[in-house]
Amino acid sequence: MKKILNNPVDYVDEMLAGLTAAHPEFYRLAGDTGRVVARAMPGKPGKVGIVTGGGSGHLPVFTGYVGPGLLDACAIGDVFASPSAEQMADALRAADSGAGVLRLYGNYGGDIMNFDMAGELVEFEDITCTTVILADDIASAPPAEAAKRRGVAGMVYAFKIAGAAAEAGLDLDGVTRVAQKAADASRSVGAALSSCIVPQAGKPTFDIAEDEMEMGMGIHGEPGVWRDKLRPADAIASEMMDRLLADMPLAAGDRVSILVNSLGATPPEELYILYRIVKTRLDAAGAEVVMPLVGRYATSMEMAGVSFTLIKLDAELETYLKAPCDCAFWSVK
Amino acid sequence: MKKILNNPVDYVDEMLAGLTAAHPEFYRLAGDTGRVVARAMPGKPGKVGIVTGGGSGHLPVFTGYVGPGLLDACAIGDVFASPSAEQMADALRAADSGAGVLRLYGNYGGDIMNFDMAGELVEFEDITCTTVILADDIASAPPAEAAKRRGVAGMVYAFKIAGAAAEAGLDLDGVTRVAQKAADASRSVGAALSSCIVPQAGKPTFDIAEDEMEMGMGIHGEPGVWRDKLRPADAIASEMMDRLLADMPLAAGDRVSILVNSLGATPPEELYILYRIVKTRLDAAGAEVVMPLVGRYATSMEMAGVSFTLIKLDAELETYLKAPCDCAFWSVK
Amino acid sequence: MTLTVTDLRAAIARLATAMEREFDALNAADGALGDGDLGVTMKRGASAMADLAPDLPDDLGQALLACAQAFTKTSGSSYGTLMATGLMSMAKTLRGHTSVDPAQISALIGGARDAMQTRGKADLGGKTVLDSLDAMAKATADLTSREAIATAVAEAAAAAQLALRDKPATIGRARIFGEKTIGMDDPGMLAMTSIAAAIADRG
Amino acid sequence: MTLTVTDLRAAIARLATAMEREFDALNAADGALGDGDLGVTMKRGASAMADLAPDLPDDLGQALLACAQAFTKTSGSSYGTLMATGLMSMAKTLRGHTSVDPAQISALIGGARDAMQTRGKADLGGKTVLDSLDAMAKATADLTSREAIATAVAEAAAAAQLALRDKPATIGRARIFGEKTIGMDDPGMLAMTSIAAAIADRG
Ligand SMILES: Nc1ncnc2c1ncn2[C@@H]1O[C@H](COP(=O)(O)OP(=O)(O)O)[C@@H](O)[C@H]1O
Ligand SMILES: Nc1ncnc2c1ncn2[C@@H]1O[C@H](COP(=O)(O)OP(=O)(O)O)[C@@H](O)[C@H]1O
Ligand SMILES: [Mg+2]
Ligand SMILES: [Mg+2]
Ligand SMILES: [Mg+2]
Ligand SMILES: [Mg+2]
């Protein structure tokens, strides 16, 4: 097991201790569950709060994106496990400055139940909550069942855009509307090459042969659409673009952004090799690429693989995408 | 072989094609060797140029750090191989705006010979060059032979600090002096857990058992100081801090920065676990930690492992460290 | 003969023992198609309840609320949250009561099922723990004797597990495997079979 | 009997064949303690020279300059840069000449050795290609016949390789292995033994 850790049960708490020690200008622990990270400097009074939450092991997702122009607080579960409703309620409390809180998170059963329960808890404290659930992974259900799709790297765009909308002073309904629009405009697909190891499990989450890959696999190792021999980079990129463009066709003149994301171990060199094809395909579709993102934005620890997230932008989404933001993992000027 | 690539011989050229396509606001190919990346927007006329160069496979090092407040141009070799003298000469030409060029790179035989040869070539074109060589890896030679040490992640600080000095308008001697001071004030040590694969080699650079690690191993797999069973995170961090502090003792009140760097596959979660110990040790030494860096700043593709780089700051170095810079991988406001 | 907090304490003790024993089996069952944490969820929750047991108040509503919190505090997984939701529903019904007539059990289970269905938005017949609870509620509907109810609860959970085995999963991580899940037990139903047997002392 | 560009072309052809043949062996020798690219460097450089060969000018200085550039263009590795440096030194000496007397060979090799030493800042006796060249220069110092020189060059390179084998490496990546390198051939010396044999047609 090639991980640098102490007692696996302490993994998440030690990670949070280090994160907050390294970046006190961005992050602080809030509440008393030990599993809520909030902005070191709260947003302007009256700003709508944005909260996310989910399992650990996806840095910068989820915790990393707490910061100005992004999220206000995050509830952190164990690796790949939902935080509890108690922790989420604490995050909602930390994020509220009276203008209400948007719950913005991925489509996983446990997260939904817990965020719902957390919302019921803080309702008694007069905190108004809305919900936008990311369901961007096209490999996890056909278009007809799009609401059943998993949430993956699309949340990076949603965090950024909703965060900018809140910073711009929109009210809770406005921020919620913008976040939903960003979620609806995003499509992702991933391909995994190797498993990561959940510290408490101590062994790879899934087995995959040395020369195999799986198209459409989920970020926790959920099954994809096919498993086969590893293909050349250009073939992988082409198929991923085929799938994205089939799910969300583009017209000439469309403005889009695309995230070419490493699941962890895959180095940026390989992402750039893939990006050549991505750009060629978008150019061929007549789309204008705005602020492409290439790097590790949503990971599964040391999993090898990539995901692409395509978002179709209107003028409002583009403005918020380009607005400034800051956190330890991403800074837009 | 779990890499996403096409024909291995095209790895570097395709990577550069993708890098420049994704970030045209930062990077452009310069010269006609196809292996020189220069700033998309050249620095102010009269600004001292800074050039680096070295093998591919270390992103963001070297190429990634071309940008305002950082480097002006970079010559890029094959994976883990020096660029040629011709390519370096082209990088020097791209970086010169008449104020001369600092060659700032790591202590590797091939790089030194080629940069020397490149300097001789451009001397005929009235380009004045100075040299600062990074030799920060304390595991590669004892203090008495410090000049023989390899250059590793210390170059991140040197690029940042020298880049800010050049941006501030210092002349060639001034920038060179500041860069040398940063180089002299930096110490690094690394530990590797798994090998990466050089695309054209097609197999791991070195073998290491599933439960082993090697302290002090170099970023190309050069031998370290010991190989043994994998230790707990806190023990690894403690030993690395012991070694750094023995090589460069700190006094109470010293101001330092520290880079906790992933060699590639090791996820940020693990870096933060290590950072707890790093911070505790620096606090115990009475040192003040300024702008700690935690992330993937100098890598070996998908190698698992970490390095720590400690730099002792005086007021001048601290000012330049904190000055703004921008590139696709790092932005300081 | 009514049930009191003493019975609850004894049931918790049996549950904690059973969940300790089934730890690997539940993880493995969940791991076949899911994330393999079901044993963790149940062991943690049950042992947190066992820790609370000596201090549980006589008020069964308060006592069950504490049990629910044992799950919300130790787990964020679906099953833990559903367990908490079900226990909370029972707690609401029994608030202010120090004893409960066995004849009420069926309604309590049915209330838990409904609350959990509201929480998880799954359909009955979808091969989830809801189907176990539905079968348990129905099997105990007309029973009044403690012993008969205990037997019925345990048998109904096991029978439901078997009855749904050949349907495909419709919920959670397993859903995505579709037809492949035919013939496989739903891990949540499997867990409920053990839970019911332990609480009913029919293990 | 003087040497001309025709001889250079023939030597290049033999070198390219030899480096193709030694590709794996040189990579492996370099890989034992270094980065394993020596075969790549030499194969690429020699085949680039072979590509140039038909078009090489009669002026031996210009011809050798082109050969040097075959290395600077195809490689940034130490050995390639050293080869380029050595060839450049010979090119400077022979600029404007279309033939060379075999008796000059020793001085040309010595000049290359010195230029390479200036470039790489290594000491003689440090178990590097410099020691091969030094031995080759010395062995040919008093010779005038082409055939005797060819034999001496090939034998001196092989003998130097053997003579330094039991010293520790002092330069480059291998240095760090210190005492472990005793008994191992320096890959650059091993390569020079093959190069010398090929050029001298004593392979
Ligand atoms: N929405 C739901 N409604 C009813 N039961 C559910 C629901 N989601 C999960 N379950 C039950 O929980 C079991 C899985 O629990 P658990 O392992 O905790 O899920 P996860 O780890 O994916 O959060 C399933 O076998 C099923 O019986
Ligand atoms: N500074 C130097 N001076 C003389 N010879 C050197 C020097 N550096 C390397 N060499 C020679 O080059 C050989 C290694 O060449 P090469 O594999 O190209 O090195 P690298 O790949 O490390 O750049 C050594 O075996 C040695 O003979
Ligand atoms: Mg589970
Ligand atoms: Mg779970
Ligand atoms: Mg080599
Ligand atoms: Mg080399």
# chains A, B, ... in the order shown; residues from 1 in each chain; ligands from 1

call {"tool": "residues_near_ligand", "arguments": {"ligand": "ligand 1", "cutoff": "9 Å", "atoms": "only C-alpha atoms and all ligand atoms", "output": "number ranges by chain"}}
result
A: 80-82, 108-113; C: 26-27, 29-31, 34-42, 75-82, 116-124, 126-132, 169, 171-174, 185-192

call {"tool": "residues_around", "arguments": {"residues": "A:Arg231", "least_positions_apart": "2", "cutoff": "9 Å", "atoms": "only C-alpha atoms", "output": "list in words"}}
result
Glu212, Met213, Asp228, Lys229, Ala233, Asp234, Ala235 and Ile236 of chain A; Ile4, Leu5 and Asn6 of chain B

call {"tool": "residues_around", "arguments": {"residues": "stretch 304-316 of chain A", "least_positions_apart": "4", "cutoff": "9 Å", "atoms": "only C-alpha atoms", "output": "JSON, numbers by chain"}}
result
{"A": [136, 137, 152, 153, 154, 157, 178, 182, 183, 184, 185, 186, 187, 188, 189, 190, 191, 192, 193, 194, 195, 196, 213, 216, 237, 240, 241, 244, 245, 248, 250, 254, 255, 256, 257, 258, 259, 260, 261, 262, 263, 264, 265, 266, 267, 271, 278, 290, 298, 299, 300, 320, 321], "B": [2, 3, 4, 265, 302]}

call {"tool": "interface_residues", "arguments": {"of": "chain A", "to": "chain C", "cutoff": "12 Å", "atoms": "only C-alpha atoms", "output": "ChimeraX atom specification"}}
result
/A:32-35,53-55,75-89,107-118,120-121,139-142,145,148-150,198,200-201,204-206,216-225

call {"tool": "atom_distance", "arguments": {"atom1": "atom CA of C:Ala70", "atom2": "atom CA of C:Ala91"}}
result
13.3 Å

call {"tool": "residues_around", "arguments": {"residues": "C:Met184", "least_positions_apart": "4", "cutoff": "10 Å", "atoms": "only C-alpha atoms", "output": "ChimeraX atom specification"}}
result
/C:29,32-33,161-162,164-169,180

call {"tool": "closest_residue", "arguments": {"among": "A:Glu270, A:Asp96, A:Asp10, A:Asp247", "to": "chain B", "atoms": "only C-alpha atoms"}}
result
A:Glu270

call {"tool": "select_by_dssp", "arguments": {"residues": "stretch 153-262 of chain B", "states": "strand (DSSP E)", "output": "list of chain:residue names"}}
result
B:Ser186, B:Arg187, B:Ser188, B:Val189, B:Gly190, B:Ala191, B:Ala192, B:Leu193, B:Ser194, B:Glu212, B:Met213, B:Glu214, B:Met215, B:Trp226, B:Arg227, B:Asp228, B:Lys229, B:Arg255, B:Val256, B:Ser257, B:Ile258, B:Leu259, B:Val260, B:Asn261, B:Ser262

call {"tool": "residues_around", "arguments": {"residues": "B:Ile161", "least_positions_apart": "2", "cutoff": "9 Å", "atoms": "only C-alpha atoms", "output": "MDAnalysis selection string"}}
result
chainID B and resid 69:70 156:159 163:166 178:179 182 317:323

call {"tool": "residues_around", "arguments": {"residues": "stretch 145-154 of chain D", "least_positions_apart": "4", "cutoff": "10 Å", "atoms": "only C-alpha atoms", "output": "ChimeraX atom specification"}}
result
/D:1-3,101-103,105-106,109,132-133,135-141,158-159,192-203

call {"tool": "write_last_selection", "arguments": {"atoms": "C-alpha atoms", "output": "PDB file, in the first residue's frame"}}
result
ATOM      1  CA  MET D   1      48.293   8.343 -47.947  1.00  0.00           C
ATOM      2  CA  THR D   2      46.104  11.124 -46.553  1.00  0.00           C
ATOM      3  CA  LEU D   3      42.534  10.905 -45.336  1.00  0.00           C
ATOM      4  CA  ASP D 101      47.837  13.346 -42.749  1.00  0.00           C
ATOM      5  CA  PRO D 102      47.395  10.294 -40.468  1.00  0.00           C
ATOM      6  CA  ALA D 103      50.271  11.603 -38.365  1.00  0.00           C
ATOM      7  CA  ILE D 105      45.424  12.039 -35.766  1.00  0.00           C
ATOM      8  CA  SER D 106      47.036  11.977 -32.363  1.00  0.00           C
ATOM      9  CA  ILE D 109      42.298  13.348 -30.602  1.00  0.00           C
ATOM     10  CA  SER D 132      39.720   6.728 -23.481  1.00  0.00           C
ATOM     11  CA  LEU D 133      40.672   9.701 -25.630  1.00  0.00           C
ATOM     12  CA  ALA D 135      44.918   6.770 -24.138  1.00  0.00           C
ATOM     13  CA  MET D 136      44.092   6.946 -27.831  1.00  0.00           C
ATOM     14  CA  ALA D 137      46.025  10.194 -28.269  1.00  0.00           C
ATOM     15  CA  LYS D 138      49.059   8.827 -26.479  1.00  0.00           C
ATOM     16  CA  ALA D 139      49.044   5.477 -28.269  1.00  0.00           C
ATOM     17  CA  THR D 140      49.068   7.188 -31.641  1.00  0.00           C
ATOM     18  CA  ALA D 141      51.553   9.916 -30.753  1.00  0.00           C
ATOM     19  CA  ALA D 158      39.764  -1.086 -25.125  1.00  0.00           C
ATOM     20  CA  ALA D 159      42.814  -1.064 -22.883  1.00  0.00           C
ATOM     21  CA  MET D 192      34.307   4.821 -27.025  1.00  0.00           C
ATOM     22  CA  THR D 193      35.727   1.334 -27.358  1.00  0.00           C
ATOM     23  CA  SER D 194      32.962   0.536 -29.853  1.00  0.00           C
ATOM     24  CA  ILE D 195      33.313   3.887 -31.586  1.00  0.00           C
ATOM     25  CA  ALA D 196      37.052   3.539 -31.954  1.00  0.00           C
ATOM     26  CA  ALA D 197      36.777  -0.024 -33.246  1.00  0.00           C
ATOM     27  CA  ALA D 198      34.158   1.003 -35.798  1.00  0.00           C
ATOM     28  CA  ILE D 199      35.985   4.072 -37.055  1.00  0.00           C
ATOM     29  CA  ALA D 200      39.284   2.199 -37.189  1.00  0.00           C
ATOM     30  CA  ASP D 201      37.569  -0.725 -38.888  1.00  0.00           C
ATOM     31  CA  ARG D 202      38.847  -3.071 -36.214  1.00  0.00           C
ATOM     32  CA  GLY D 203      35.355  -4.123 -35.015  1.00  0.00           C
TER      33      GLY D 203
END

call {"tool": "atom_distance", "arguments": {"atom1": "atom CA of B:Thr176", "atom2": "atom CA of B:Gly119"}}
result
15.3 Å

call {"tool": "select_by_dssp", "arguments": {"residues": "stretch 103-328 of chain A", "states": "alpha helix (DSSP H)", "output": "number ranges by chain"}}
result
A: 109-123, 154-167, 172-184, 233-247, 268-284, 315-322

call {"tool": "residues_around", "arguments": {"residues": "B:Leu16", "least_positions_apart": "6", "cutoff": "10 Å", "atoms": "only C-alpha atoms", "output": "PDB file with all heavy atoms, in the first residue's frame"}}
result
ATOM      1  N   GLU A 269       1.213  16.294 -17.962  1.00  0.00           N
ATOM      2  CA  GLU A 269       1.740  16.031 -19.306  1.00  0.00           C
ATOM      3  C   GLU A 269       0.702  15.279 -20.137  1.00  0.00           C
ATOM      4  O   GLU A 269       0.461  15.594 -21.303  1.00  0.00           O
ATOM      5  CB  GLU A 269       3.035  15.191 -19.225  1.00  0.00           C
ATOM      6  CG  GLU A 269       4.290  15.942 -18.813  1.00  0.00           C
ATOM      7  CD  GLU A 269       4.451  16.125 -17.303  1.00  0.00           C
ATOM      8  OE1 GLU A 269       3.533  15.754 -16.537  1.00  0.00           O
ATOM      9  OE2 GLU A 269       5.492  16.664 -16.886  1.00  0.00           O
ATOM     10  N   TYR A 272      -2.340  17.338 -21.166  1.00  0.00           N
ATOM     11  CA  TYR A 272      -2.113  18.223 -22.310  1.00  0.00           C
ATOM     12  C   TYR A 272      -2.107  17.450 -23.622  1.00  0.00           C
ATOM     13  O   TYR A 272      -2.556  17.952 -24.655  1.00  0.00           O
ATOM     14  CB  TYR A 272      -0.828  19.033 -22.112  1.00  0.00           C
ATOM     15  CG  TYR A 272      -1.007  20.105 -21.065  1.00  0.00           C
ATOM     16  CD1 TYR A 272      -0.287  20.094 -19.877  1.00  0.00           C
ATOM     17  CD2 TYR A 272      -1.951  21.118 -21.240  1.00  0.00           C
ATOM     18  CE1 TYR A 272      -0.482  21.061 -18.908  1.00  0.00           C
ATOM     19  CE2 TYR A 272      -2.157  22.087 -20.273  1.00  0.00           C
ATOM     20  CZ  TYR A 272      -1.415  22.058 -19.116  1.00  0.00           C
ATOM     21  OH  TYR A 272      -1.625  23.014 -18.160  1.00  0.00           O
ATOM     22  N   ILE A 273      -1.607  16.231 -23.584  1.00  0.00           N
ATOM     23  CA  ILE A 273      -1.663  15.392 -24.780  1.00  0.00           C
ATOM     24  C   ILE A 273      -3.126  15.195 -25.199  1.00  0.00           C
ATOM     25  O   ILE A 273      -3.481  15.306 -26.372  1.00  0.00           O
ATOM     26  CB  ILE A 273      -0.940  14.049 -24.539  1.00  0.00           C
ATOM     27  CG1 ILE A 273       0.578  14.303 -24.444  1.00  0.00           C
ATOM     28  CG2 ILE A 273      -1.265  13.035 -25.636  1.00  0.00           C
ATOM     29  CD1 ILE A 273       1.396  13.085 -24.069  1.00  0.00           C
ATOM     30  N   ARG A 276      -5.055  18.389 -26.879  1.00  0.00           N
ATOM     31  CA  ARG A 276      -4.954  18.640 -28.322  1.00  0.00           C
ATOM     32  C   ARG A 276      -6.213  18.188 -29.060  1.00  0.00           C
ATOM     33  O   ARG A 276      -6.744  18.891 -29.907  1.00  0.00           O
ATOM     34  CB  ARG A 276      -3.767  17.861 -28.924  1.00  0.00           C
ATOM     35  CG  ARG A 276      -2.418  18.304 -28.455  1.00  0.00           C
ATOM     36  CD  ARG A 276      -1.368  17.200 -28.636  1.00  0.00           C
ATOM     37  NE  ARG A 276      -1.496  16.414 -29.825  1.00  0.00           N
ATOM     38  CZ  ARG A 276      -1.963  15.152 -29.852  1.00  0.00           C
ATOM     39  NH1 ARG A 276      -2.329  14.543 -28.724  1.00  0.00           N
ATOM     40  NH2 ARG A 276      -2.024  14.490 -30.973  1.00  0.00           N
TER      41      ARG A 276
ATOM     42  N   ALA B  22      -3.882  25.110 -24.688  1.00  0.00           N
ATOM     43  CA  ALA B  22      -4.757  25.335 -23.530  1.00  0.00           C
ATOM     44  C   ALA B  22      -4.516  26.705 -22.903  1.00  0.00           C
ATOM     45  O   ALA B  22      -5.443  27.316 -22.370  1.00  0.00           O
ATOM     46  CB  ALA B  22      -4.542  24.237 -22.488  1.00  0.00           C
ATOM     47  N   TYR B  27       1.667  30.906 -22.650  1.00  0.00           N
ATOM     48  CA  TYR B  27       2.782  30.221 -23.312  1.00  0.00           C
ATOM     49  C   TYR B  27       2.705  30.306 -24.827  1.00  0.00           C
ATOM     50  O   TYR B  27       1.636  30.199 -25.406  1.00  0.00           O
ATOM     51  CB  TYR B  27       2.787  28.730 -22.934  1.00  0.00           C
ATOM     52  CG  TYR B  27       2.658  28.456 -21.451  1.00  0.00           C
ATOM     53  CD1 TYR B  27       1.554  27.774 -20.944  1.00  0.00           C
ATOM     54  CD2 TYR B  27       3.640  28.893 -20.555  1.00  0.00           C
ATOM     55  CE1 TYR B  27       1.442  27.511 -19.583  1.00  0.00           C
ATOM     56  CE2 TYR B  27       3.520  28.635 -19.193  1.00  0.00           C
ATOM     57  CZ  TYR B  27       2.419  27.953 -18.710  1.00  0.00           C
ATOM     58  OH  TYR B  27       2.306  27.707 -17.372  1.00  0.00           O
ATOM     59  N   ARG B  28       3.882  30.442 -25.455  1.00  0.00           N
ATOM     60  CA  ARG B  28       3.944  30.289 -26.907  1.00  0.00           C
ATOM     61  C   ARG B  28       5.241  29.561 -27.240  1.00  0.00           C
ATOM     62  O   ARG B  28       6.242  29.662 -26.502  1.00  0.00           O
ATOM     63  CB  ARG B  28       3.897  31.640 -27.614  1.00  0.00           C
ATOM     64  CG  ARG B  28       5.119  32.480 -27.385  1.00  0.00           C
ATOM     65  CD  ARG B  28       5.044  33.849 -28.080  1.00  0.00           C
ATOM     66  NE  ARG B  28       6.125  34.677 -27.546  1.00  0.00           N
ATOM     67  CZ  ARG B  28       7.365  34.705 -28.047  1.00  0.00           C
ATOM     68  NH1 ARG B  28       7.682  33.983 -29.112  1.00  0.00           N
ATOM     69  NH2 ARG B  28       8.310  35.464 -27.475  1.00  0.00           N
ATOM     70  N   LEU B  29       5.240  28.824 -28.326  1.00  0.00           N
ATOM     71  CA  LEU B  29       6.477  28.204 -28.794  1.00  0.00           C
ATOM     72  C   LEU B  29       7.314  29.278 -29.465  1.00  0.00           C
ATOM     73  O   LEU B  29       6.793  30.105 -30.212  1.00  0.00           O
ATOM     74  CB  LEU B  29       6.169  27.068 -29.766  1.00  0.00           C
ATOM     75  CG  LEU B  29       5.546  25.832 -29.124  1.00  0.00           C
ATOM     76  CD1 LEU B  29       5.131  24.815 -30.184  1.00  0.00           C
ATOM     77  CD2 LEU B  29       6.526  25.174 -28.139  1.00  0.00           C
ATOM     78  N   GLY B  34      11.172  23.891 -31.890  1.00  0.00           N
ATOM     79  CA  GLY B  34       9.944  23.268 -31.394  1.00  0.00           C
ATOM     80  C   GLY B  34       9.994  22.953 -29.918  1.00  0.00           C
ATOM     81  O   GLY B  34       9.042  22.434 -29.340  1.00  0.00           O
ATOM     82  N   ARG B  35      11.101  23.264 -29.268  1.00  0.00           N
ATOM     83  CA  ARG B  35      11.257  22.885 -27.878  1.00  0.00           C
ATOM     84  C   ARG B  35      11.581  24.073 -26.968  1.00  0.00           C
ATOM     85  O   ARG B  35      12.249  23.912 -25.942  1.00  0.00           O
ATOM     86  CB  ARG B  35      12.368  21.835 -27.756  1.00  0.00           C
ATOM     87  CG  ARG B  35      11.967  20.477 -28.338  1.00  0.00           C
ATOM     88  CD  ARG B  35      10.834  19.855 -27.554  1.00  0.00           C
ATOM     89  NE  ARG B  35      10.524  18.521 -28.014  1.00  0.00           N
ATOM     90  CZ  ARG B  35      11.147  17.424 -27.592  1.00  0.00           C
ATOM     91  NH1 ARG B  35      12.109  17.508 -26.714  1.00  0.00           N
ATOM     92  NH2 ARG B  35      10.799  16.243 -28.059  1.00  0.00           N
ATOM     93  N   VAL B  36      11.156  25.234 -27.386  1.00  0.00           N
ATOM     94  CA  VAL B  36      11.340  26.407 -26.531  1.00  0.00           C
ATOM     95  C   VAL B  36       9.978  27.037 -26.281  1.00  0.00           C
ATOM     96  O   VAL B  36       9.236  27.324 -27.219  1.00  0.00           O
ATOM     97  CB  VAL B  36      12.286  27.429 -27.179  1.00  0.00           C
ATOM     98  CG1 VAL B  36      12.344  28.712 -26.352  1.00  0.00           C
ATOM     99  CG2 VAL B  36      13.683  26.831 -27.325  1.00  0.00           C
ATOM    100  N   VAL B  37       9.659  27.207 -25.003  1.00  0.00           N
ATOM    101  CA  VAL B  37       8.430  27.898 -24.637  1.00  0.00           C
ATOM    102  C   VAL B  37       8.818  29.255 -24.056  1.00  0.00           C
ATOM    103  O   VAL B  37       9.707  29.339 -23.211  1.00  0.00           O
ATOM    104  CB  VAL B  37       7.609  27.083 -23.619  1.00  0.00           C
ATOM    105  CG1 VAL B  37       6.549  27.954 -22.952  1.00  0.00           C
ATOM    106  CG2 VAL B  37       6.944  25.905 -24.319  1.00  0.00           C
ATOM    107  N   SER B  56      11.839  16.916 -19.726  1.00  0.00           N
ATOM    108  CA  SER B  56      10.391  16.915 -19.521  1.00  0.00           C
ATOM    109  C   SER B  56      10.023  15.925 -18.416  1.00  0.00           C
ATOM    110  O   SER B  56      10.857  15.138 -17.969  1.00  0.00           O
ATOM    111  CB  SER B  56       9.680  16.485 -20.805  1.00  0.00           C
ATOM    112  OG  SER B  56       9.793  17.476 -21.775  1.00  0.00           O
ATOM    113  N   THR B  63       8.838  24.070 -17.728  1.00  0.00           N
ATOM    114  CA  THR B  63       8.061  24.892 -18.659  1.00  0.00           C
ATOM    115  C   THR B  63       6.924  25.657 -18.018  1.00  0.00           C
ATOM    116  O   THR B  63       6.613  26.776 -18.415  1.00  0.00           O
ATOM    117  CB  THR B  63       7.412  23.981 -19.737  1.00  0.00           C
ATOM    118  OG1 THR B  63       8.262  22.869 -19.937  1.00  0.00           O
ATOM    119  CG2 THR B  63       7.171  24.740 -20.986  1.00  0.00           C
ATOM    120  N   ILE B  76      13.176  22.716 -23.520  1.00  0.00           N
ATOM    121  CA  ILE B  76      12.581  21.476 -23.020  1.00  0.00           C
ATOM    122  C   ILE B  76      13.197  20.264 -23.691  1.00  0.00           C
ATOM    123  O   ILE B  76      13.136  20.115 -24.907  1.00  0.00           O
ATOM    124  CB  ILE B  76      11.059  21.480 -23.294  1.00  0.00           C
ATOM    125  CG1 ILE B  76      10.417  22.676 -22.595  1.00  0.00           C
ATOM    126  CG2 ILE B  76      10.411  20.175 -22.832  1.00  0.00           C
ATOM    127  CD1 ILE B  76       9.737  23.612 -23.548  1.00  0.00           C
TER     128      ILE B  76
END

call {"tool": "atom_distance", "arguments": {"atom1": "atom 10 (N, counted along the ligand's line) of ligand 2", "atom2": "atom CA of B:Gly31"}}
result
28.6 Å

call {"tool": "closest_residue", "arguments": {"among": "D:Ala84, D:Leu65, D:Leu94, D:Leu143", "to": "ligand 2", "atoms": "only C-alpha atoms and all ligand atoms"}}
result
D:Ala84

call {"tool": "decode", "arguments": {"residues": "stretch 200-211 of chain B", "atoms": "N, CA and C atoms", "output": "CSV table (one decimal), in the first residue's frame"}}
result
chain,number,residue,atom,x,y,z
B,200,GLN,N,9.4,6.5,-23.4
B,200,GLN,CA,10.2,5.8,-24.4
B,200,GLN,C,10.8,4.6,-23.8
B,201,ALA,N,11.0,4.5,-22.5
B,201,ALA,CA,11.6,3.3,-21.9
B,201,ALA,C,10.5,2.3,-21.8
B,202,GLY,N,9.3,2.7,-21.4
B,202,GLY,CA,8.1,1.8,-21.4
B,202,GLY,C,8.1,0.9,-20.2
B,203,LYS,N,9.0,1.0,-19.3
B,203,LYS,CA,9.0,0.3,-18.0
B,203,LYS,C,9.4,1.1,-16.9
B,204,PRO,N,9.1,0.8,-15.6
B,204,PRO,CA,9.5,1.6,-14.5
B,204,PRO,C,11.0,1.9,-14.5
B,205,THR,N,11.3,3.1,-14.1
B,205,THR,CA,12.7,3.5,-14.0
B,205,THR,C,13.5,2.8,-13.0
B,206,PHE,N,12.8,2.5,-11.9
B,206,PHE,CA,13.5,1.7,-10.8
B,206,PHE,C,12.4,0.8,-10.2
B,207,ASP,N,12.9,-0.3,-9.6
B,207,ASP,CA,12.0,-1.2,-8.9
B,207,ASP,C,12.0,-1.0,-7.4
B,208,ILE,N,10.9,-1.0,-6.8
B,208,ILE,CA,10.8,-0.8,-5.4
B,208,ILE,C,9.6,-1.7,-5.0
B,209,ALA,N,9.8,-2.4,-3.9
B,209,ALA,CA,8.7,-3.4,-3.5
B,209,ALA,C,7.5,-2.6,-3.0
B,210,GLU,N,6.4,-3.3,-3.0
B,210,GLU,CA,5.1,-2.7,-2.7
B,210,GLU,C,5.0,-2.1,-1.3
B,211,ASP,N,5.9,-2.6,-0.4
B,211,ASP,CA,5.9,-2.0,1.0
B,211,ASP,C,7.1,-1.3,1.3
